$ cat entry-v4.cif   # mmCIF, C-alpha atoms
data_my_file
loop_
_atom_site.label_atom_id
_atom_site.label_comp_id
_atom_site.auth_asym_id
_atom_site.auth_seq_id
_atom_site.Cartn_x
_atom_site.Cartn_y
_atom_site.Cartn_z
CA MET A 1 120.05 155.45 79.82
CA PHE A 2 120.51 158.49 82.03
CA LYS A 3 121.24 161.99 80.84
CA LEU A 4 121.59 165.47 82.32
CA SER A 5 120.08 167.97 79.90
CA GLU A 6 120.33 171.72 79.45
CA GLU A 7 117.49 171.59 76.89
CA ASN A 8 113.74 171.25 77.47
CA ILE A 9 112.66 167.65 78.08
CA GLN A 10 110.43 166.27 75.31
CA PRO A 11 108.77 163.09 76.64
CA PHE A 12 107.33 161.94 73.31
CA ARG A 13 110.77 161.94 71.78
CA LEU A 14 112.32 160.14 74.74
CA GLN A 15 109.53 157.58 74.77
CA GLU A 16 110.46 156.46 71.26
CA ALA A 17 113.66 154.88 72.53
CA LEU A 18 111.55 152.56 74.71
CA HIS A 19 109.41 151.20 71.87
CA ASN A 20 109.82 147.45 71.95
CA GLU A 21 107.65 144.75 70.38
CA LYS A 22 107.95 142.64 73.54
CA ALA A 23 106.55 145.45 75.72
CA GLY A 24 102.90 145.39 76.76
CA GLY A 25 103.13 148.69 78.58
CA TYR A 26 105.06 151.84 79.30
CA VAL A 27 104.91 153.90 82.50
CA SER A 28 106.40 157.36 82.83
CA PHE A 29 106.85 159.96 85.54
CA GLU A 30 107.37 163.66 84.94
CA GLY A 31 108.42 165.99 87.75
CA TRP A 32 107.11 169.52 87.02
CA VAL A 33 108.17 172.92 88.33
CA ARG A 34 105.28 174.21 90.45
CA ASN A 35 104.58 177.81 91.37
CA HIS A 36 104.69 177.45 95.16
CA ASN A 37 106.55 175.68 97.93
CA LEU A 38 106.02 175.79 101.69
CA GLY A 39 103.69 178.77 101.38
CA LYS A 40 105.99 180.84 99.18
CA LYS A 41 105.26 181.82 95.58
CA VAL A 42 107.95 180.46 93.29
CA THR A 43 108.80 182.11 89.96
CA LYS A 44 111.44 179.69 88.67
CA LEU A 45 113.88 176.99 89.69
CA GLU A 46 117.55 176.49 89.05
CA TYR A 47 119.02 173.00 89.04
CA GLU A 48 122.71 172.30 89.62
CA ALA A 49 124.36 168.88 89.36
CA TYR A 50 127.67 167.30 90.26
CA PRO A 51 127.73 165.69 86.83
CA SER A 52 130.16 162.78 87.09
CA LEU A 53 128.72 161.40 90.33
CA ALA A 54 125.10 162.24 89.41
CA ILE A 55 125.42 160.22 86.20
CA LYS A 56 127.12 157.33 87.99
CA GLU A 57 124.55 157.20 90.80
CA ALA A 58 121.53 157.59 88.48
CA LYS A 59 122.76 154.79 86.22
CA GLN A 60 123.23 152.61 89.31
CA ILE A 61 119.59 153.27 90.34
CA LEU A 62 118.32 152.35 86.84
CA GLU A 63 120.37 149.16 86.98
CA GLU A 64 118.93 148.32 90.43
CA ALA A 65 115.41 148.81 89.06
CA LYS A 66 116.16 146.37 86.25
CA GLN A 67 117.45 143.82 88.77
CA LYS A 68 114.56 144.22 91.21
CA PHE A 69 111.60 144.33 88.82
CA SER A 70 110.66 142.38 85.69
CA ILE A 71 111.03 145.29 83.31
CA LEU A 72 112.60 145.53 79.88
CA ASP A 73 114.30 148.89 80.19
CA ALA A 74 114.34 152.15 82.19
CA HIS A 75 115.47 155.59 81.06
CA CYS A 76 115.75 158.91 82.89
CA VAL A 77 116.59 162.50 81.96
CA HIS A 78 117.07 165.34 84.48
CA ARG A 79 117.29 169.02 83.66
CA VAL A 80 120.01 171.36 84.82
CA GLY A 81 119.99 175.14 84.56
CA SER A 82 117.08 177.56 84.87
CA LEU A 83 113.50 176.27 84.59
CA ASP A 84 110.27 178.26 84.38
CA ILE A 85 107.02 177.20 86.07
CA GLY A 86 105.41 174.19 84.37
CA LYS A 87 108.61 172.91 82.82
CA ILE A 88 109.61 169.27 83.21
CA ALA A 89 112.48 168.88 85.67
CA VAL A 90 112.78 165.10 85.46
CA TRP A 91 111.41 162.39 83.17
CA ILE A 92 111.47 158.66 83.84
CA GLY A 93 110.25 156.03 81.39
CA VAL A 94 109.97 152.29 81.99
CA ASN A 95 108.69 149.56 79.65
CA SER A 96 107.77 146.02 80.57
CA ILE A 97 105.92 142.95 79.31
CA HIS A 98 103.13 143.44 81.89
CA ARG A 99 102.24 146.78 83.49
CA GLY A 100 102.74 145.95 87.21
CA PRO A 101 106.54 145.92 87.33
CA ALA A 102 106.75 149.11 85.26
CA PHE A 103 104.66 151.05 87.82
CA LEU A 104 106.76 149.71 90.69
CA ALA A 105 110.07 150.36 88.94
CA CYS A 106 109.09 153.91 88.02
CA GLU A 107 108.24 154.70 91.64
CA TYR A 108 111.43 153.04 92.89
CA ILE A 109 113.54 155.11 90.52
CA ILE A 110 112.08 158.51 91.48
CA ASP A 111 112.17 157.68 95.21
CA GLU A 112 115.82 156.59 95.12
CA PHE A 113 116.75 159.45 92.80
CA LYS A 114 115.48 162.03 95.29
CA LEU A 115 117.51 160.45 98.08
CA ARG A 116 120.79 159.72 96.35
CA VAL A 117 121.60 161.68 93.19
CA PRO A 118 123.73 164.81 93.73
CA ILE A 119 121.48 167.42 92.15
CA TRP A 120 120.25 170.55 93.94
CA LYS A 121 117.47 173.02 93.29
CA LYS A 122 117.35 176.68 94.11
CA GLU A 123 114.00 178.45 94.26
CA HIS A 124 113.45 182.02 93.13
CA TYR A 125 110.52 183.77 94.80
CA VAL A 126 108.08 186.51 93.77
CA ASP A 127 109.64 188.91 96.32
CA GLY A 128 113.03 188.62 94.58
CA ASP A 129 114.50 186.41 97.28
CA SER A 130 115.96 182.99 96.51
CA GLY A 131 117.19 179.95 98.40
CA TRP A 132 118.49 176.41 98.10
CA VAL A 133 115.73 173.97 98.96
CA LYS A 134 116.35 172.26 102.28
CA CYS A 135 115.95 168.54 102.63
CA HIS A 136 113.34 168.48 105.40
CA HIS A 137 110.42 167.70 103.15
CA CYS A 138 111.96 166.55 99.92
CA HIS A 139 112.62 163.04 101.13
CA GLU A 140 109.08 162.48 102.29
CA LYS A 141 107.29 160.44 99.70
CA HIS A 142 104.54 162.14 97.68
CA LYS A 143 105.45 165.61 98.92
CA ALA A 144 108.25 166.86 96.74
CA MET B 145 150.87 168.47 104.36
CA LYS B 146 148.90 167.23 101.37
CA ASN B 147 147.59 169.00 98.32
CA ILE B 148 143.88 168.31 97.88
CA GLU B 149 141.47 169.55 95.22
CA VAL B 150 138.09 170.60 96.55
CA GLU B 151 135.01 171.15 94.38
CA TYR B 152 131.95 172.97 95.68
CA TYR B 153 128.32 172.72 94.62
CA ALA B 154 125.08 174.53 95.44
CA ILE B 155 125.00 176.23 98.86
CA LEU B 156 128.62 175.34 99.62
CA ARG B 157 129.76 176.86 96.30
CA GLU B 158 127.95 180.09 97.15
CA GLU B 159 129.24 180.20 100.72
CA ARG B 160 132.82 179.54 99.59
CA GLY B 161 132.52 181.93 96.66
CA CYS B 162 134.19 179.59 94.17
CA LYS B 163 133.59 176.30 92.41
CA GLN B 164 137.01 174.72 92.86
CA GLU B 165 140.22 175.25 94.79
CA ASN B 166 143.45 173.49 95.63
CA THR B 167 144.26 173.45 99.29
CA THR B 168 147.20 172.25 101.34
CA THR B 169 146.10 170.58 104.53
CA LEU B 170 147.17 168.53 107.53
CA SER B 171 143.73 166.89 107.64
CA THR B 172 143.91 163.14 107.14
CA THR B 173 140.21 162.43 106.51
CA PRO B 174 137.34 164.22 104.77
CA ARG B 175 135.81 164.67 108.25
CA GLU B 176 138.81 166.70 109.45
CA LEU B 177 138.96 168.59 106.16
CA TYR B 178 135.28 169.58 106.24
CA LEU B 179 135.58 170.82 109.82
CA GLU B 180 138.73 172.74 108.91
CA LEU B 181 137.09 174.41 105.89
CA GLN B 182 133.86 175.02 107.78
CA LYS B 183 135.79 176.91 110.46
CA LYS B 184 137.67 178.88 107.81
CA TYR B 185 134.73 179.79 105.57
CA GLY B 186 131.74 179.58 107.91
CA PHE B 187 129.78 176.88 106.10
CA THR B 188 126.28 176.77 107.55
CA LEU B 189 125.67 173.05 106.91
CA SER B 190 126.60 170.89 109.88
CA ILE B 191 128.67 167.83 109.04
CA GLU B 192 125.68 165.55 109.74
CA ASN B 193 123.92 167.04 106.72
CA VAL B 194 126.83 166.61 104.31
CA LYS B 195 128.24 163.54 102.55
CA PRO B 196 131.81 163.22 101.27
CA ALA B 197 132.82 162.02 97.81
CA ILE B 198 136.39 161.35 96.71
CA ASN B 199 137.35 161.12 93.04
CA ASP B 200 133.68 160.86 92.03
CA ASP B 201 132.65 158.13 94.49
CA PHE B 202 130.85 158.36 97.80
CA VAL B 203 133.16 157.45 100.71
CA ASP B 204 133.03 157.18 104.51
CA TRP B 205 134.02 160.20 106.58
CA ASP B 206 137.02 158.19 107.83
CA TYR B 207 138.49 157.57 104.37
CA LEU B 208 142.25 158.36 104.42
CA LEU B 209 143.00 161.27 102.12
CA GLN B 210 145.66 160.74 99.45
CA VAL B 211 147.76 163.40 97.74
CA ASN B 212 145.84 165.08 94.90
CA ASP B 213 142.49 163.49 95.81
CA LYS B 214 139.46 165.39 94.50
CA VAL B 215 137.05 165.97 97.38
CA VAL B 216 133.43 167.04 97.05
CA PHE B 217 131.25 167.76 100.07
CA ILE B 218 127.68 167.00 99.07
CA PRO B 219 124.87 169.09 100.59
CA PRO B 220 121.46 167.39 101.07
CA VAL B 221 120.31 166.48 97.57
CA THR B 222 117.06 167.95 96.24
CA GLY B 223 116.77 166.75 92.65
CA GLY B 224 113.63 165.31 91.10
#

$ encode --input "entry-v4.cif" --output "structure tokens"
Amino acid sequence: MFKLSEENIQPFRLQEALHNEKAGGYVSFEGWVRNHNLGKKVTKLEYEAYPSLAIKEAKQILEEAKQKFSILDAHCVHRVGSLDIGKIAVWIGVNSIHRGPAFLACEYIIDEFKLRVPIWKKEHYVDGDSGWVKCHHCHEKHKA
Amino acid sequence: MKNIEVEYYAILREERGCKQENTTTLSTTPRELYLELQKKYGFTLSIENVKPAINDDFVDWDYLLQVNDKVVFIPPVTGG
């Protein structure tokens, strides 16, 4: 399941859809809006998506994760619109019989998502300026 | 001359000043069309940093444009 959402992401609600008696574990990732980037103070973010292709590509990534790893299911929700500091921009949840594949699948999904899904973020800064985030750092693992 | 629908997102939407337009062009590929529109509207992203999509699928730059295709030029993605 992949969804673009204009509403706040509520992980506990989303997690319920992954409850499964066969599952021995559940791994999730939440991407949060932080208050700084590349030395600039950020006040909020705006996310814009190309919906039809974003949904298609994200579903493809979830399907790949299910093929590559021994997991039961994988879900993802990404916000669009304006987000304040601390809000959840993206949520990924994976359940599996044993924990190992769920960790690996979760990481695979967020890494591929950042490279492939047509969604863009614009930062708004304390000084009133704003700008679309450039790709120089966002594709480096563990940085974005 | 072909009629092509172009949709813009993020920085390209702002630089073009609209989200969607219909254009009549002699360009035969998305590569030619991007360069044509870049020259016309001064897009700051070089073609190496953009990916083309036609009718909601990624395609190669050498795809042959068909009448009424919907073209989207995708800036570097920054979701997540």

$ closest_residue --input "entry-v4.cif" --among "B:Thr222, B:Arg157, B:Val216, B:Leu208" --to "Tyr185 (chain B)" --atoms "all atoms listed in the file"
B:Arg157

$ closest_residue --input "entry-v4.cif" --among "A:Ser28, A:Asn20, A:Ser52, A:Ser130" --to "chain B" --atoms "only C-alpha atoms"
A:Ser52

$ resolve_selection --input "entry-v4.cif" --expression "the PyMOL selection byres ((chain A) within 9 of (chain B))" --output "number ranges by chain"
A: 30-32, 47-50, 52-53, 56-57, 78, 89-91, 110-111, 113-122, 131-135, 138-139, 144

$ resolve_selection --input "entry-v4.cif" --expression "the PyMOL selection byres ((chain A and resi 102) around 8)" --output "tab-separated table (two decimals) with C-alpha atoms, in the coordinates of the input"
chain	number	residue	atom	x	y	z
A	25	GLY	CA	103.13	148.69	78.58
A	26	TYR	CA	105.06	151.84	79.30
A	27	VAL	CA	104.91	153.90	82.50
A	69	PHE	CA	111.60	144.33	88.82
A	70	SER	CA	110.66	142.38	85.69
A	71	ILE	CA	111.03	145.29	83.31
A	94	VAL	CA	109.97	152.29	81.99
A	95	ASN	CA	108.69	149.56	79.65
A	96	SER	CA	107.77	146.02	80.57
A	98	HIS	CA	103.13	143.44	81.89
A	99	ARG	CA	102.24	146.78	83.49
A	100	GLY	CA	102.74	145.95	87.21
A	101	PRO	CA	106.54	145.92	87.33
A	103	PHE	CA	104.66	151.05	87.82
A	104	LEU	CA	106.76	149.71	90.69
A	105	ALA	CA	110.07	150.36	88.94
A	106	CYS	CA	109.09	153.91	88.02

$ residues_around --input "entry-v4.cif" --residues "Asp206 (chain B)" --least-positions-apart "4" --cutoff "9 Å" --atoms "all atoms listed in the file" --output "list in words"
Thr172, Thr173, Pro174, Arg175 and Glu176 of chain B

$ atom_distance --input "entry-v4.cif" --atom1 "CA of Ala58 (chain A)" --atom2 "CA of Ile9 (chain A)"
17.0 Å

$ closest_residue --input "entry-v4.cif" --among "A:Glu6, A:Asp73, A:Glu63, A:Glu46" --to "Leu18 (chain A)" --atoms "only C-alpha atoms"
A:Asp73

$ resolve_selection --input "entry-v4.cif" --expression "the PyMOL selection byres ((chain A and resi 82) around 8)" --output "list in words"
Lys44, Leu45, Glu46, Tyr47, Val80, Gly81, Leu83 and Asp84 of chain A

$ atom_distance --input "entry-v4.cif" --atom1 "CA of Tyr125 (chain A)" --atom2 "CA of Ile88 (chain A)"
18.6 Å

$ atom_distance --input "entry-v4.cif" --atom1 "CA of Gly128 (chain A)" --atom2 "CA of Lys87 (chain A)"
20.1 Å

$ residues_around --input "entry-v4.cif" --residues "Thr188 (chain B)" --least-positions-apart "4" --cutoff "10 Å" --atoms "all atoms listed in the file" --output "list in words"
Ile155, Leu156, Glu159, Gln182 and Lys183 of chain B

$ residues_around --input "entry-v4.cif" --residues "Met145 (chain B)" --least-positions-apart "3" --cutoff "10 Å" --atoms "all atoms listed in the file" --output "ChimeraX atom specification"
/B:148,167-172,211

$ residues_around --input "entry-v4.cif" --residues "Lys184 (chain B)" --least-positions-apart "6" --cutoff "12 Å" --atoms "all atoms listed in the file" --output "ChimeraX atom specification"
/B:159-160,177-178

$ closest_residue --input "entry-v4.cif" --among "A:Val42, A:Ile97, A:Met1, A:Ile109" --to "Asp127 (chain A)" --atoms "all atoms listed in the file"
A:Val42

$ closest_residue --input "entry-v4.cif" --among "A:Val126, A:Cys76, A:Ala23, A:Ile85" --to "Ala54 (chain A)" --atoms "all atoms listed in the file"
A:Cys76

$ decode --input "entry-v4.cif" --residues "region 47-92 of chain A" --atoms "N, CA and C atoms" --output "PDB file, in the first residue's frame"
ATOM      1  N   TYR A  47       6.043  19.960   0.430  1.00  0.00           N
ATOM      2  CA  TYR A  47       6.266  18.825  -0.469  1.00  0.00           C
ATOM      3  C   TYR A  47       5.294  18.877  -1.636  1.00  0.00           C
ATOM      4  N   GLU A  48       5.833  18.642  -2.835  1.00  0.00           N
ATOM      5  CA  GLU A  48       5.005  18.594  -4.041  1.00  0.00           C
ATOM      6  C   GLU A  48       5.270  17.265  -4.750  1.00  0.00           C
ATOM      7  N   ALA A  49       4.210  16.637  -5.255  1.00  0.00           N
ATOM      8  CA  ALA A  49       4.370  15.345  -5.937  1.00  0.00           C
ATOM      9  C   ALA A  49       3.788  15.408  -7.342  1.00  0.00           C
ATOM     10  N   TYR A  50       4.300  14.563  -8.184  1.00  0.00           N
ATOM     11  CA  TYR A  50       3.681  14.282  -9.489  1.00  0.00           C
ATOM     12  C   TYR A  50       2.888  13.004  -9.222  1.00  0.00           C
ATOM     13  N   PRO A  51       1.610  13.159  -8.841  1.00  0.00           N
ATOM     14  CA  PRO A  51       0.905  12.054  -8.178  1.00  0.00           C
ATOM     15  C   PRO A  51       0.861  10.736  -8.955  1.00  0.00           C
ATOM     16  N   SER A  52       0.457  10.763 -10.218  1.00  0.00           N
ATOM     17  CA  SER A  52       0.269   9.476 -10.899  1.00  0.00           C
ATOM     18  C   SER A  52       1.571   8.681 -11.017  1.00  0.00           C
ATOM     19  N   LEU A  53       2.671   9.367 -11.324  1.00  0.00           N
ATOM     20  CA  LEU A  53       3.935   8.628 -11.454  1.00  0.00           C
ATOM     21  C   LEU A  53       4.541   8.319 -10.079  1.00  0.00           C
ATOM     22  N   ALA A  54       4.345   9.198  -9.115  1.00  0.00           N
ATOM     23  CA  ALA A  54       4.857   8.938  -7.756  1.00  0.00           C
ATOM     24  C   ALA A  54       4.210   7.676  -7.187  1.00  0.00           C
ATOM     25  N   ILE A  55       2.904   7.553  -7.373  1.00  0.00           N
ATOM     26  CA  ILE A  55       2.196   6.376  -6.844  1.00  0.00           C
ATOM     27  C   ILE A  55       2.665   5.112  -7.560  1.00  0.00           C
ATOM     28  N   LYS A  56       2.780   5.210  -8.877  1.00  0.00           N
ATOM     29  CA  LYS A  56       3.224   4.052  -9.667  1.00  0.00           C
ATOM     30  C   LYS A  56       4.626   3.596  -9.246  1.00  0.00           C
ATOM     31  N   GLU A  57       5.547   4.558  -9.135  1.00  0.00           N
ATOM     32  CA  GLU A  57       6.938   4.226  -8.818  1.00  0.00           C
ATOM     33  C   GLU A  57       7.077   3.708  -7.383  1.00  0.00           C
ATOM     34  N   ALA A  58       6.348   4.321  -6.455  1.00  0.00           N
ATOM     35  CA  ALA A  58       6.421   3.888  -5.048  1.00  0.00           C
ATOM     36  C   ALA A  58       5.862   2.468  -4.906  1.00  0.00           C
ATOM     37  N   LYS A  59       4.766   2.185  -5.583  1.00  0.00           N
ATOM     38  CA  LYS A  59       4.208   0.829  -5.512  1.00  0.00           C
ATOM     39  C   LYS A  59       5.187  -0.187  -6.096  1.00  0.00           C
ATOM     40  N   GLN A  60       5.878   0.220  -7.155  1.00  0.00           N
ATOM     41  CA  GLN A  60       6.883  -0.658  -7.767  1.00  0.00           C
ATOM     42  C   GLN A  60       8.007  -0.966  -6.762  1.00  0.00           C
ATOM     43  N   ILE A  61       8.442   0.048  -6.012  1.00  0.00           N
ATOM     44  CA  ILE A  61       9.512  -0.147  -5.013  1.00  0.00           C
ATOM     45  C   ILE A  61       9.040  -1.103  -3.909  1.00  0.00           C
ATOM     46  N   LEU A  62       7.795  -0.941  -3.451  1.00  0.00           N
ATOM     47  CA  LEU A  62       7.263  -1.834  -2.409  1.00  0.00           C
ATOM     48  C   LEU A  62       7.202  -3.270  -2.934  1.00  0.00           C
ATOM     49  N   GLU A  63       6.824  -3.409  -4.189  1.00  0.00           N
ATOM     50  CA  GLU A  63       6.749  -4.741  -4.801  1.00  0.00           C
ATOM     51  C   GLU A  63       8.148  -5.360  -4.893  1.00  0.00           C
ATOM     52  N   GLU A  64       9.140  -4.543  -5.286  1.00  0.00           N
ATOM     53  CA  GLU A  64      10.524  -5.032  -5.354  1.00  0.00           C
ATOM     54  C   GLU A  64      10.990  -5.507  -3.986  1.00  0.00           C
ATOM     55  N   ALA A  65      10.653  -4.760  -2.951  1.00  0.00           N
ATOM     56  CA  ALA A  65      11.059  -5.133  -1.583  1.00  0.00           C
ATOM     57  C   ALA A  65      10.458  -6.486  -1.208  1.00  0.00           C
ATOM     58  N   LYS A  66       9.214  -6.699  -1.630  1.00  0.00           N
ATOM     59  CA  LYS A  66       8.575  -7.988  -1.309  1.00  0.00           C
ATOM     60  C   LYS A  66       9.230  -9.140  -2.071  1.00  0.00           C
ATOM     61  N   GLN A  67       9.717  -8.848  -3.280  1.00  0.00           N
ATOM     62  CA  GLN A  67      10.396  -9.879  -4.069  1.00  0.00           C
ATOM     63  C   GLN A  67      11.778 -10.190  -3.513  1.00  0.00           C
ATOM     64  N   LYS A  68      12.480  -9.126  -3.076  1.00  0.00           N
ATOM     65  CA  LYS A  68      13.883  -9.284  -2.679  1.00  0.00           C
ATOM     66  C   LYS A  68      14.056  -9.845  -1.274  1.00  0.00           C
ATOM     67  N   PHE A  69      13.136  -9.533  -0.383  1.00  0.00           N
ATOM     68  CA  PHE A  69      13.309  -9.904   1.028  1.00  0.00           C
ATOM     69  C   PHE A  69      12.129 -10.764   1.496  1.00  0.00           C
ATOM     70  N   SER A  70      12.403 -11.617   2.482  1.00  0.00           N
ATOM     71  CA  SER A  70      11.336 -12.494   2.998  1.00  0.00           C
ATOM     72  C   SER A  70      10.465 -11.731   3.995  1.00  0.00           C
ATOM     73  N   ILE A  71       9.642 -10.848   3.449  1.00  0.00           N
ATOM     74  CA  ILE A  71       8.752 -10.079   4.326  1.00  0.00           C
ATOM     75  C   ILE A  71       7.301 -10.456   4.003  1.00  0.00           C
ATOM     76  N   LEU A  72       6.419 -10.077   4.903  1.00  0.00           N
ATOM     77  CA  LEU A  72       4.999 -10.362   4.655  1.00  0.00           C
ATOM     78  C   LEU A  72       4.350  -9.221   3.880  1.00  0.00           C
ATOM     79  N   ASP A  73       4.625  -7.993   4.313  1.00  0.00           N
ATOM     80  CA  ASP A  73       4.008  -6.860   3.630  1.00  0.00           C
ATOM     81  C   ASP A  73       4.818  -5.583   3.881  1.00  0.00           C
ATOM     82  N   ALA A  74       4.603  -4.575   3.041  1.00  0.00           N
ATOM     83  CA  ALA A  74       5.298  -3.283   3.203  1.00  0.00           C
ATOM     84  C   ALA A  74       4.344  -2.175   2.793  1.00  0.00           C
ATOM     85  N   HIS A  75       4.216  -1.175   3.649  1.00  0.00           N
ATOM     86  CA  HIS A  75       3.344  -0.035   3.368  1.00  0.00           C
ATOM     87  C   HIS A  75       4.137   1.264   3.478  1.00  0.00           C
ATOM     88  N   CYS A  76       3.672   2.290   2.771  1.00  0.00           N
ATOM     89  CA  CYS A  76       4.365   3.582   2.832  1.00  0.00           C
ATOM     90  C   CYS A  76       3.361   4.710   2.605  1.00  0.00           C
ATOM     91  N   VAL A  77       3.529   5.785   3.374  1.00  0.00           N
ATOM     92  CA  VAL A  77       2.710   6.984   3.177  1.00  0.00           C
ATOM     93  C   VAL A  77       3.655   8.186   3.130  1.00  0.00           C
ATOM     94  N   HIS A  78       3.457   9.075   2.159  1.00  0.00           N
ATOM     95  CA  HIS A  78       4.282  10.289   2.060  1.00  0.00           C
ATOM     96  C   HIS A  78       3.378  11.506   2.079  1.00  0.00           C
ATOM     97  N   ARG A  79       3.783  12.508   2.827  1.00  0.00           N
ATOM     98  CA  ARG A  79       3.016  13.751   2.902  1.00  0.00           C
ATOM     99  C   ARG A  79       3.230  14.620   1.674  1.00  0.00           C
ATOM    100  N   VAL A  80       2.211  15.386   1.344  1.00  0.00           N
ATOM    101  CA  VAL A  80       2.356  16.499   0.412  1.00  0.00           C
ATOM    102  C   VAL A  80       1.791  17.735   1.105  1.00  0.00           C
ATOM    103  N   GLY A  81       2.156  18.910   0.612  1.00  0.00           N
ATOM    104  CA  GLY A  81       1.687  20.149   1.218  1.00  0.00           C
ATOM    105  C   GLY A  81       2.700  20.713   2.198  1.00  0.00           C
ATOM    106  N   SER A  82       2.227  21.580   3.074  1.00  0.00           N
ATOM    107  CA  SER A  82       3.109  22.305   3.990  1.00  0.00           C
ATOM    108  C   SER A  82       3.283  21.559   5.309  1.00  0.00           C
ATOM    109  N   LEU A  83       4.540  21.400   5.749  1.00  0.00           N
ATOM    110  CA  LEU A  83       4.826  20.662   6.986  1.00  0.00           C
ATOM    111  C   LEU A  83       5.674  21.497   7.932  1.00  0.00           C
ATOM    112  N   ASP A  84       5.244  21.576   9.190  1.00  0.00           N
ATOM    113  CA  ASP A  84       6.023  22.281  10.208  1.00  0.00           C
ATOM    114  C   ASP A  84       7.145  21.377  10.723  1.00  0.00           C
ATOM    115  N   ILE A  85       8.099  22.002  11.429  1.00  0.00           N
ATOM    116  CA  ILE A  85       9.227  21.268  12.016  1.00  0.00           C
ATOM    117  C   ILE A  85       8.692  20.151  12.921  1.00  0.00           C
ATOM    118  N   GLY A  86       9.320  18.989  12.832  1.00  0.00           N
ATOM    119  CA  GLY A  86       8.944  17.858  13.690  1.00  0.00           C
ATOM    120  C   GLY A  86       7.873  16.961  13.100  1.00  0.00           C
ATOM    121  N   LYS A  87       7.226  17.421  12.050  1.00  0.00           N
ATOM    122  CA  LYS A  87       6.166  16.596  11.452  1.00  0.00           C
ATOM    123  C   LYS A  87       6.778  15.421  10.682  1.00  0.00           C
ATOM    124  N   ILE A  88       5.985  14.383  10.509  1.00  0.00           N
ATOM    125  CA  ILE A  88       6.451  13.210   9.769  1.00  0.00           C
ATOM    126  C   ILE A  88       6.195  13.432   8.272  1.00  0.00           C
ATOM    127  N   ALA A  89       7.285  13.356   7.502  1.00  0.00           N
ATOM    128  CA  ALA A  89       7.171  13.558   6.053  1.00  0.00           C
ATOM    129  C   ALA A  89       6.896  12.241   5.340  1.00  0.00           C
ATOM    130  N   VAL A  90       7.500  11.176   5.871  1.00  0.00           N
ATOM    131  CA  VAL A  90       7.300   9.860   5.239  1.00  0.00           C
ATOM    132  C   VAL A  90       7.280   8.782   6.321  1.00  0.00           C
ATOM    133  N   TRP A  91       6.424   7.803   6.136  1.00  0.00           N
ATOM    134  CA  TRP A  91       6.355   6.646   7.038  1.00  0.00           C
ATOM    135  C   TRP A  91       6.424   5.379   6.206  1.00  0.00           C
ATOM    136  N   ILE A  92       7.261   4.446   6.674  1.00  0.00           N
ATOM    137  CA  ILE A  92       7.357   3.134   6.022  1.00  0.00           C
ATOM    138  C   ILE A  92       7.179   2.067   7.098  1.00  0.00           C
TER     139      ILE A  92
END
